[in-house]
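Structure data (compact mmCIF, C-alpha atoms) from target.txt:
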```
# COMPACT_ATOMS: atom_id res chain seq x y z
CA MET P 1 -47.90 -58.01 -15.80
CA ASN P 2 -51.46 -58.35 -14.57
CA ILE P 3 -53.92 -55.50 -15.11
CA PHE P 4 -55.71 -56.36 -11.85
CA LEU P 5 -52.49 -55.68 -9.92
CA LEU P 6 -51.95 -52.24 -11.49
CA PRO P 7 -54.24 -49.61 -9.94
CA TYR P 8 -54.97 -46.46 -11.86
CA THR P 9 -52.33 -44.21 -10.29
CA TRP P 10 -49.26 -42.45 -11.70
CA LEU P 11 -47.16 -45.41 -10.53
CA ARG P 12 -48.68 -47.55 -13.28
CA HIS P 13 -46.39 -45.75 -15.75
CA LEU P 14 -43.36 -47.26 -13.97
CA SER P 15 -44.59 -50.85 -14.08
CA MET P 16 -43.42 -51.50 -17.64
CA ALA P 17 -40.07 -49.84 -16.84
CA PHE P 18 -39.42 -52.20 -13.92
CA TRP P 19 -40.67 -55.17 -15.95
CA CYS P 20 -38.24 -54.47 -18.80
CA ALA P 21 -35.43 -53.65 -16.35
CA SER P 22 -35.74 -57.12 -14.84
CA ALA P 23 -35.56 -58.61 -18.34
CA GLY P 24 -32.39 -56.65 -19.12
CA LEU P 25 -30.79 -57.78 -15.87
CA LEU P 26 -31.70 -61.41 -16.52
CA ALA P 27 -30.25 -61.15 -20.04
CA TRP P 28 -26.90 -59.99 -18.64
CA TRP P 29 -27.03 -62.76 -16.02
CA GLY P 30 -27.75 -65.36 -18.71
CA VAL P 31 -24.76 -64.34 -20.85
CA LEU P 32 -22.53 -64.27 -17.76
CA THR P 33 -23.70 -67.76 -16.83
CA LEU P 34 -22.79 -69.06 -20.28
CA ILE P 35 -19.30 -67.60 -19.98
CA VAL P 36 -18.50 -68.44 -16.35
CA VAL P 37 -20.53 -71.55 -15.53
CA VAL P 38 -21.13 -73.28 -18.85
CA ASN P 39 -17.73 -72.07 -20.09
CA VAL P 40 -18.90 -71.41 -23.62
CA ASP P 41 -15.85 -70.61 -25.71
CA TRP P 42 -16.18 -67.85 -28.26
CA ALA P 43 -13.76 -65.23 -29.49
CA PRO P 44 -13.33 -62.19 -27.20
CA SER P 45 -14.39 -59.95 -30.08
CA TRP P 46 -17.89 -61.48 -29.81
CA ASP P 47 -18.42 -60.45 -26.18
CA GLY P 48 -19.73 -57.02 -27.13
CA PRO P 49 -22.15 -58.00 -29.89
CA ILE P 50 -23.49 -60.97 -27.94
CA ILE P 51 -24.24 -59.06 -24.74
CA LEU P 52 -25.75 -56.08 -26.58
CA THR P 53 -27.88 -58.26 -28.82
CA THR P 54 -29.06 -60.44 -25.94
CA VAL P 55 -30.07 -57.44 -23.83
CA SER P 56 -31.78 -55.79 -26.80
CA VAL P 57 -33.80 -58.91 -27.65
CA SER P 58 -34.74 -59.56 -24.01
CA VAL P 59 -35.92 -56.02 -23.37
CA VAL P 60 -38.04 -55.96 -26.53
CA ALA P 61 -39.50 -59.39 -25.78
CA ALA P 62 -40.41 -58.27 -22.25
CA SER P 63 -42.07 -55.09 -23.51
CA ILE P 64 -44.16 -56.89 -26.13
CA LEU P 65 -45.04 -59.78 -23.83
CA GLY P 66 -46.02 -57.39 -21.04
CA GLU P 67 -48.41 -55.53 -23.32
CA ALA P 68 -49.85 -58.80 -24.66
CA ASN P 69 -50.43 -60.06 -21.12
CA LEU P 70 -52.23 -56.87 -20.14
CA ARG P 71 -54.47 -57.06 -23.22
CA ARG P 72 -55.15 -60.78 -22.65
CA LEU P 73 -54.20 -61.68 -26.22
CA PRO P 74 -54.26 -65.34 -27.33
CA ILE P 75 -51.13 -67.35 -26.55
CA TRP P 76 -50.23 -67.86 -30.21
CA ASN P 77 -50.57 -64.13 -30.82
CA ARG P 78 -48.27 -63.33 -27.90
CA ALA P 79 -45.66 -65.80 -29.10
CA LEU P 80 -45.79 -64.49 -32.68
CA ARG P 81 -45.38 -60.88 -31.56
CA VAL P 82 -42.45 -61.74 -29.31
CA LEU P 83 -40.73 -63.74 -32.05
CA ILE P 84 -41.15 -60.98 -34.64
CA GLY P 85 -40.04 -58.19 -32.33
CA GLY P 86 -37.12 -60.15 -30.89
CA ALA P 87 -35.85 -61.33 -34.27
CA ILE P 88 -35.91 -57.83 -35.74
CA ALA P 89 -34.31 -56.29 -32.65
CA GLY P 90 -31.56 -58.91 -32.59
CA GLY P 91 -30.81 -58.67 -36.30
CA VAL P 92 -30.77 -54.87 -36.36
CA THR P 93 -28.64 -54.61 -33.20
CA LEU P 94 -26.09 -57.14 -34.43
CA GLY P 95 -25.91 -55.60 -37.88
CA TYR P 96 -25.59 -52.07 -36.55
CA TYR P 97 -22.83 -53.16 -34.18
CA PHE P 98 -20.52 -54.29 -36.97
CA VAL P 99 -21.51 -51.40 -39.23
CA TRP P 100 -20.62 -48.92 -36.49
CA HIS P 101 -17.22 -50.43 -35.74
CA PHE P 102 -16.40 -50.61 -39.42
CA PHE P 103 -17.44 -46.98 -39.79
CA VAL P 104 -15.35 -45.86 -36.80
CA GLY P 105 -12.34 -48.00 -37.50
CA MET P 106 -12.10 -47.63 -41.27
CA VAL P 107 -13.73 -44.32 -42.17
CA VAL P 108 -13.69 -41.76 -39.36
CA PHE P 109 -10.87 -42.73 -37.02
CA ASP P 110 -8.61 -44.73 -39.23
CA LYS P 111 -5.60 -44.18 -36.99
CA TYR P 112 -7.59 -45.49 -34.01
CA ALA P 113 -8.77 -48.63 -35.79
CA VAL P 114 -6.76 -50.94 -33.53
CA ASP P 115 -8.14 -49.37 -30.35
CA ALA P 116 -11.69 -49.22 -31.66
CA ASN P 117 -11.72 -52.95 -32.42
CA ASP P 118 -9.96 -54.00 -29.21
CA PRO P 119 -12.61 -55.98 -27.24
CA SER P 120 -10.77 -55.46 -23.95
CA LEU P 121 -10.84 -51.65 -24.19
CA VAL P 122 -13.45 -50.11 -21.88
CA SER P 123 -13.95 -46.81 -23.68
CA PHE P 124 -17.31 -45.19 -24.28
CA SER P 125 -15.90 -42.99 -27.03
CA PHE P 126 -15.54 -46.03 -29.31
CA ARG P 127 -18.72 -47.79 -28.09
CA VAL P 128 -21.21 -44.91 -28.00
CA GLY P 129 -22.48 -45.68 -31.48
CA ALA P 130 -22.83 -49.38 -30.69
CA PHE P 131 -25.05 -48.63 -27.72
CA ALA P 132 -27.05 -46.03 -29.64
CA MET P 133 -27.58 -48.39 -32.57
CA GLY P 134 -28.42 -51.23 -30.19
CA GLY P 135 -31.11 -49.09 -28.63
CA LEU P 136 -32.35 -48.16 -32.09
CA GLY P 137 -32.59 -51.86 -32.86
CA SER P 138 -34.72 -52.38 -29.75
CA GLY P 139 -37.04 -49.58 -30.78
CA THR P 140 -37.30 -50.92 -34.33
CA GLY P 141 -38.23 -54.42 -33.18
CA ALA P 142 -40.92 -53.18 -30.79
CA MET P 143 -42.27 -50.73 -33.37
CA VAL P 144 -42.68 -53.40 -36.03
CA ALA P 145 -44.31 -55.82 -33.58
CA ARG P 146 -46.78 -53.07 -32.65
CA LYS P 147 -47.61 -52.39 -36.32
CA PHE P 148 -45.63 -49.13 -36.55
CA THR P 149 -47.64 -47.30 -33.89
CA GLU P 150 -45.87 -44.29 -32.33
CA PRO P 151 -42.65 -44.66 -34.37
CA VAL P 152 -40.97 -41.56 -32.92
CA SER P 153 -41.55 -42.75 -29.37
CA HIS P 154 -40.13 -46.19 -30.12
CA LEU P 155 -37.08 -45.09 -32.10
CA ALA P 156 -36.13 -42.11 -29.93
CA GLY P 157 -36.91 -43.99 -26.72
CA GLY P 158 -34.89 -47.00 -27.85
CA MET P 159 -31.88 -44.88 -28.76
CA ALA P 160 -32.11 -43.03 -25.44
CA ALA P 161 -32.23 -46.37 -23.61
CA GLY P 162 -29.10 -47.60 -25.39
CA LEU P 163 -27.19 -44.38 -24.71
CA CYS P 164 -28.18 -44.31 -21.03
CA ALA P 165 -27.11 -47.94 -20.69
CA GLY P 166 -23.75 -47.13 -22.31
CA CYS P 167 -23.15 -44.17 -20.01
CA VAL P 168 -23.91 -46.22 -16.91
CA TRP P 169 -21.75 -49.10 -18.17
CA PHE P 170 -18.78 -46.79 -18.66
CA ILE P 171 -19.18 -44.82 -15.41
CA ALA P 172 -19.68 -47.95 -13.31
CA GLY P 173 -16.45 -49.37 -14.73
CA LEU P 174 -14.29 -46.40 -13.73
CA PRO P 175 -11.96 -46.51 -10.73
CA THR P 176 -13.28 -44.80 -7.59
CA GLU P 177 -10.97 -41.83 -7.84
CA GLU P 178 -12.57 -40.98 -11.19
CA VAL P 179 -16.14 -41.19 -9.91
CA VAL P 180 -17.83 -38.44 -7.92
CA TYR P 181 -18.41 -39.34 -4.24
CA GLY P 182 -16.86 -42.77 -4.75
CA LEU P 183 -20.17 -44.43 -5.43
CA PHE P 184 -18.64 -47.58 -6.89
CA ALA P 185 -16.01 -50.13 -5.88
CA PRO P 186 -12.35 -49.04 -5.46
CA GLN P 187 -11.37 -50.70 -8.71
CA ARG P 188 -12.84 -51.27 -12.15
CA ASP P 189 -15.97 -53.30 -11.55
CA LEU P 190 -17.09 -54.56 -14.94
CA PHE P 191 -19.35 -57.08 -13.19
CA LEU P 192 -21.42 -54.26 -11.71
CA ALA P 193 -21.12 -52.29 -14.96
CA GLY P 194 -22.72 -55.09 -16.98
CA ALA P 195 -25.53 -55.58 -14.48
CA LEU P 196 -26.37 -51.88 -14.40
CA MET P 197 -26.13 -51.67 -18.17
CA GLY P 198 -28.85 -54.28 -18.69
CA THR P 199 -31.03 -52.86 -15.92
CA VAL P 200 -30.86 -49.25 -17.12
CA TRP P 201 -31.42 -50.27 -20.74
CA GLY P 202 -34.64 -52.06 -19.83
CA PHE P 203 -35.86 -49.38 -17.41
CA VAL P 204 -35.45 -46.46 -19.83
CA PHE P 205 -36.84 -48.46 -22.74
CA GLY P 206 -39.94 -49.50 -20.80
CA LEU P 207 -40.43 -45.98 -19.49
CA LEU P 208 -40.20 -44.15 -22.82
CA THR P 209 -41.55 -46.46 -25.50
CA TRP P 210 -44.84 -47.82 -24.13
CA SER P 211 -46.87 -47.17 -21.01
CA ILE P 212 -50.16 -48.64 -19.85
CA PRO P 213 -52.91 -46.83 -21.80
CA ASP P 214 -56.17 -45.54 -20.35
CA GLU P 215 -58.13 -47.77 -22.71
CA LEU P 216 -57.41 -50.73 -20.41
CA TYR P 217 -59.50 -49.05 -17.70
CA VAL P 218 -63.14 -48.02 -17.48
CA GLY P 219 -64.97 -45.59 -15.19
CA TRP P 220 -67.21 -46.58 -12.30
CA LEU P 221 -69.40 -44.69 -9.84
CA ARG P 222 -69.28 -46.07 -6.30
CA VAL P 223 -71.59 -45.13 -3.39
CA LEU P 224 -69.77 -44.06 -0.22
CA THR P 225 -72.69 -43.16 2.06
CA PRO P 226 -74.19 -45.80 4.41
CA HIS P 227 -77.33 -46.44 2.37
CA ARG P 228 -76.31 -48.72 -0.52
CA PHE P 229 -72.66 -48.41 0.55
CA GLY P 230 -70.30 -50.01 -1.97
CA ARG P 231 -72.92 -50.16 -4.72
CA ARG P 232 -71.21 -49.31 -8.02
CA ILE P 233 -72.15 -49.04 -11.68
CA PRO P 234 -69.92 -48.94 -14.79
CA ILE P 235 -70.02 -45.80 -16.92
CA ASP P 236 -68.75 -47.30 -20.18
CA ALA P 237 -70.99 -49.32 -22.47
CA PRO P 238 -69.85 -52.90 -23.19
CA ASP P 239 -69.12 -51.98 -26.83
CA ARG P 240 -67.22 -48.81 -25.76
CA THR P 241 -69.68 -46.47 -27.52
CA PRO P 242 -70.62 -43.08 -25.98
CA LYS P 243 -72.87 -43.55 -22.97
CA GLU P 244 -74.68 -41.53 -20.29
CA ARG P 245 -75.59 -42.86 -16.85
CA PHE P 246 -78.26 -41.18 -14.68
CA ILE P 247 -78.40 -40.92 -10.89
CA GLY P 248 -81.47 -39.99 -8.86
CA HIS P 249 -84.43 -41.42 -6.88
CA PHE P 250 -86.98 -41.71 -9.69
CA PRO P 251 -88.29 -45.28 -9.26
CA ARG P 252 -87.73 -46.51 -12.82
CA GLY P 253 -85.26 -46.05 -15.65
CA LEU P 254 -82.23 -44.81 -13.68
CA ASP P 255 -78.81 -46.43 -13.66
CA LEU P 256 -78.15 -45.71 -9.97
CA PHE P 257 -81.04 -45.34 -7.50
CA LEU P 258 -80.51 -43.39 -4.27
CA THR P 259 -83.24 -42.46 -1.80
CA ASP P 260 -84.61 -38.94 -1.46
CA GLU P 261 -83.90 -39.09 2.30
CA GLU P 262 -80.25 -38.58 1.36
CA GLY P 263 -80.94 -35.33 -0.48
CA VAL P 264 -81.00 -36.91 -3.94
CA GLN P 265 -83.58 -35.56 -6.36
CA GLU P 266 -85.55 -37.54 -8.91
CA LEU P 267 -83.03 -36.73 -11.63
CA HIS P 268 -80.00 -35.29 -9.95
CA LEU P 269 -76.82 -36.08 -11.91
CA SER P 270 -75.54 -37.81 -15.02
CA VAL P 271 -72.07 -39.00 -16.01
CA THR P 272 -71.14 -39.34 -19.69
CA VAL P 273 -68.28 -40.93 -21.59
CA ASP P 274 -67.47 -40.16 -25.23
CA GLU P 275 -65.67 -42.11 -27.95
CA LYS P 276 -62.30 -40.80 -26.72
CA GLN P 277 -62.98 -42.12 -23.20
CA ARG P 278 -63.41 -38.68 -21.62
CA TYR P 279 -65.69 -38.66 -18.60
CA THR P 280 -67.96 -35.73 -17.76
CA ALA P 281 -70.36 -35.05 -14.86
CA ARG P 282 -73.49 -32.99 -15.53
CA GLY P 283 -75.69 -31.39 -12.91
CA LEU P 284 -79.40 -31.92 -13.67
CA SER P 285 -80.91 -30.50 -10.47
CA GLN P 286 -81.06 -27.08 -8.79
CA TYR P 287 -80.24 -28.77 -5.48
CA PRO P 288 -76.62 -28.85 -4.23
CA THR P 289 -74.35 -30.88 -6.51
CA LEU P 290 -70.64 -30.62 -5.80
CA VAL P 291 -67.57 -32.29 -7.33
CA ARG P 292 -64.59 -32.30 -4.98
CA ARG P 293 -61.00 -32.95 -5.95
CA LEU P 294 -57.58 -31.83 -4.76
CA LEU P 295 -57.54 -28.02 -4.36
CA GLN P 296 -60.76 -27.67 -6.38
CA ARG P 297 -64.52 -27.57 -5.86
CA VAL P 298 -66.99 -27.48 -8.77
CA ASP P 299 -70.63 -26.51 -8.22
CA LEU P 300 -72.80 -28.35 -10.78
CA ARG P 301 -76.22 -27.07 -9.72
CA TYR P 302 -78.41 -26.53 -12.74
CA ASP P 303 -78.89 -22.87 -13.67
CA PRO P 304 -82.28 -22.31 -15.43
CA ARG P 305 -80.81 -19.27 -17.16
CA ARG P 306 -78.30 -21.45 -19.03
CA PRO P 307 -79.26 -23.37 -22.18
CA THR P 308 -77.33 -26.47 -21.08
CA PRO P 309 -76.46 -28.12 -17.73
CA VAL P 310 -73.23 -27.20 -15.97
CA GLU P 311 -70.62 -29.92 -16.46
CA THR P 312 -67.03 -30.77 -15.56
CA SER P 313 -64.55 -33.45 -16.55
CA LEU P 314 -63.93 -36.29 -14.11
CA SER P 315 -60.67 -37.90 -13.03
CA SER P 316 -60.14 -41.04 -11.00
CA GLY P 317 -60.65 -40.32 -7.30
CA ASP P 318 -63.07 -37.40 -7.69
CA ARG P 319 -65.85 -37.22 -5.08
CA ILE P 320 -69.41 -36.16 -5.99
CA VAL P 321 -71.64 -34.86 -3.20
CA LEU P 322 -75.41 -34.74 -3.79
CA GLY P 323 -77.42 -32.71 -1.30
CA GLU P 324 -76.04 -31.03 1.82
CA GLY P 325 -75.89 -31.30 5.59
CA GLU P 326 -77.17 -34.57 7.04
CA GLN P 327 -79.24 -35.27 3.94
CA ARG P 328 -76.58 -35.95 1.36
CA ALA P 329 -75.16 -38.80 -0.68
CA GLU P 330 -71.52 -39.11 -1.63
CA LEU P 331 -70.22 -40.90 -4.71
CA GLU P 332 -66.71 -41.62 -5.92
CA PHE P 333 -65.56 -41.82 -9.54
CA ILE P 334 -62.86 -44.47 -10.01
CA LEU P 335 -61.14 -46.18 -12.93
CA LEU P 336 -60.83 -49.96 -12.77
CA PRO P 337 -59.65 -52.61 -15.27
CA LYS P 338 -62.16 -52.95 -18.07
CA GLU P 339 -62.40 -56.71 -17.53
CA GLU P 340 -64.57 -56.02 -14.49
CA VAL P 341 -67.39 -54.63 -16.66
```

Mind turning this structure into structure tokens?
Amino acid sequence: MNIFLLPYTWLRHLSMAFWCASAGLLAWWGVLTLIVVVNVDWAPSWDGPIILTTVSVSVVAASILGEANLRRLPIWNRALRVLIGGAIAGGVTLGYYFVWHFFVGMVVFDKYAVDANDPSLVSFSFRVGAFAMGGLGSGTGAMVARKFTEPVSHLAGGMAAGLCAGCVWFIAGLPTEEVVYGLFAPQRDLFLAGALMGTVWGFVFGLLTWSIPDELYVGWLRVLTPHRFGRRIPIDAPDRTPKERFIGHFPRGLDLFLTDEEGVQELHLSVTVDEKQRYTARGLSQYPTLVRRLLQRVDLRYDPRRPTPVETSLSSGDRIVLGEGEQRAELEFILLPKEEV
């Protein structure tokens, strides 16, 4: 997870999902290695709690570590967050697992107690609560490590991740004749079921609980026309306070100087950012000033009859055209990692 490798596009919201999915898959692979290669001997009744707890801890650790890497936190801080989140997720998942099976076997379905506690029984009806509670444990661990920010997102997203993982685990383990279109092997494939379970758990958890926030990016204006091509200035102030940047050809005091031969007036345009990191372009000249984006054109020419300049919000990728015809300058508003400021 490197902020310089994550451009500001909608795909950035999937990066944490894939990151956590890989952690869930590696967790399943690690438990399988202990059983098959190392030949660790534990009671069959521990297979379920061990695999669920391991996946839960790994997914939470990946989510917290990924965020810490993006924020460039100190190493000791990253380790502490991972330890706290992983320990809480593991403890809650393991505790909920036994509480659920006791509840199902002894309280609700007393006559099904033997089946409910049979570790060899591949039945989602008796395991649905274990997966749901395991996901809730993941959400709890991540929520505590993040100082209880967005609790609903963490708890609901964690439970959804556990339930989706359980559904995929059960469906992937069904014989082909019980699966639509025969998508899986012609017999019960619990190997594939376990792999998909860990992958789906991590993907849904990373997708729903935490995504890369806009605060890790800052706005820039970049020149696209031949004169001063590639010249760019940051919009945000170093201390992230509200700021306004001015563009024109006045010789002194402007943030971005462009020549009047390109149709730029002495004070032509300004771009502001407020405390909530909202970017706005303001037209300060009666000469052509146009913001172009997909399926939209905004004319920002200053109207003397109005008490304030015409303005519009900016999004990454918007083009700003100053002047018209052959005498014009074109700028692009882009969002880049804040570490470049």

Per residue of range 32-136 of chain P within 10 Å of range 204-213 of chain P, record the nearest atom pair and its distance in Å to one decimal, counting only C-alpha atoms, with rows in chain order and ascending residue number, as a tab-separated table.
```
residue	atom	partner	partner_atom	distance
P:Ser56	CA	P:Phe205	CA	9.8
P:Val59	CA	P:Phe205	CA	7.6
P:Val60	CA	P:Phe205	CA	8.5
P:Ala62	CA	P:Gly206	CA	8.9
P:Ser63	CA	P:Gly206	CA	6.6
P:Ile64	CA	P:Trp210	CA	9.3
P:Gly66	CA	P:Ile212	CA	9.8
P:Glu67	CA	P:Ile212	CA	7.9
P:Leu70	CA	P:Ile212	CA	8.5
P:Gly135	CA	P:Phe205	CA	8.2
```

Export C-alpha atoms of the chosen residues as a PDB file, in the frame of the given file?
```
ATOM      1  CA  SER P  56     -31.780 -55.790 -26.800  1.00  0.00           C
ATOM      2  CA  VAL P  59     -35.920 -56.020 -23.370  1.00  0.00           C
ATOM      3  CA  VAL P  60     -38.040 -55.960 -26.530  1.00  0.00           C
ATOM      4  CA  ALA P  62     -40.410 -58.270 -22.250  1.00  0.00           C
ATOM      5  CA  SER P  63     -42.070 -55.090 -23.510  1.00  0.00           C
ATOM      6  CA  ILE P  64     -44.160 -56.890 -26.130  1.00  0.00           C
ATOM      7  CA  GLY P  66     -46.020 -57.390 -21.040  1.00  0.00           C
ATOM      8  CA  GLU P  67     -48.410 -55.530 -23.320  1.00  0.00           C
ATOM      9  CA  LEU P  70     -52.230 -56.870 -20.140  1.00  0.00           C
ATOM     10  CA  GLY P 135     -31.110 -49.090 -28.630  1.00  0.00           C
TER      11      GLY P 135
END
```

### Task
For each of P:Thr9, P:Asn39, P:Ser315, P:Ser123, take the minimum atom-to-atom distance to Thr280 in chain P, counting all atoms listed in the file, then give the residue where this is smallest.
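Nearest to Thr280 in chain P: P:Ser315.
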
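Counting all atoms listed in the file, the residue from P:Leu196, P:Cys20, P:Ile233, P:Leu284 that sits nearest to Thr308 in chain P is P:Leu284.
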
* Write out as number ranges by chain which residues come within 12 Å of Pro49 in chain P when counting all atoms listed in the file, dropping same-chain ones fewer than 3 positions away. => P: 31, 42-46, 52-57, 90-101, 117, 119, 127, 130-131, 133-134

Practice task
Give me, please, the distance in Å between CA of Phe203 in chain P and CA of Phe124 in chain P, quoted to one decimal.
Solution key: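 One can read the CA of Phe203 in chain P to CA of Phe124 in chain P distance as 20.2 Å.
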
Between range 51-103 of chain P and range 140-143 of chain P, at 6 Å or less, what are the per-residue closest atom pairs and their distances in Å? Count all atoms listed in the file, order by chain and rising residue number, and return it as JSON lines.
```
{"residue": "P:Val60", "atom": "CA", "partner": "P:Ala142", "partner_atom": "CA", "distance": 5.8}
{"residue": "P:Gly85", "atom": "CA", "partner": "P:Gly141", "partner_atom": "CA", "distance": 4.3}
{"residue": "P:Ile88", "atom": "CA", "partner": "P:Gly141", "partner_atom": "CA", "distance": 4.9}
{"residue": "P:Ala89", "atom": "CA", "partner": "P:Gly141", "partner_atom": "CA", "distance": 4.4}
```

Hey, can I get the axis-aligned box for range 164-174 of chain P? All listed atoms, 6 Å padding on each side, centre and edge lengths in Å to one decimal, as lines of an AutoDock Vina configuration file.
```
center_x = -21.2
center_y = -46.8
center_z = -17.8
size_x = 25.9
size_y = 17.2
size_z = 21.0
```

Would you list the contacts of Arg12 in chain P as a PyMOL selection string, taking every protein, DNA or RNA residue within 12 Å and counting only C-alpha atoms, but skipping same-chain residues closer than 2 positions in sequence? chain P and resi 1-10+14-19+206-207+210-214+216-217

Practice item. Kindly give the distance, in Å, that separates CA of Trp201 in chain P and CA of Gly24 in chain P, rounded to a single decimal. Key: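 Going from CA of Trp201 in chain P over to CA of Gly24 in chain P covers 6.7 Å.
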
Q. CA of Thr241 in chain P to CA of Leu65 in chain P: how many Å, to one decimal?
A.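 Answer for the CA of Thr241 in chain P to CA of Leu65 in chain P separation: 28.2 Å.
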
Residue with the minimum atom-to-atom distance to Gly248 in chain P, picked from P:Thr272, P:Ser22, P:Gln277, P:Ser285 with all atoms listed in the file counted, is P:Ser285

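Minimum atom-to-atom distance to Ile320 in chain P, evaluated using all atoms listed in the file, belongs to P:Val298 out of P:Leu336, P:Leu25, P:Leu267, P:Val298.
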
Would you list the residues near (-35.4, -45.5, -34.1) (no more than 8 Å away, in the coordinates of the file, using only C-alpha atoms) as a list in words? Gly135, Leu136, Gly137, Gly139, Thr140, Pro151, Val152, His154, Leu155, Ala156, Gly157, Gly158 and Met159 of chain P

> What lies within 12 Å of Ser313 in chain P using only C-alpha atoms, ignoring chain neighbours under 6 positions off, as a list in words?
Replying inline: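 That gives Ser270, Val271, Thr272, Val273, Asp274, Gln277, Arg278, Tyr279, Thr280, Ala281, Arg282, Gly283, Val291, Arg292, Arg293, Val298, Leu300, Ile320 and Phe333 of chain P.
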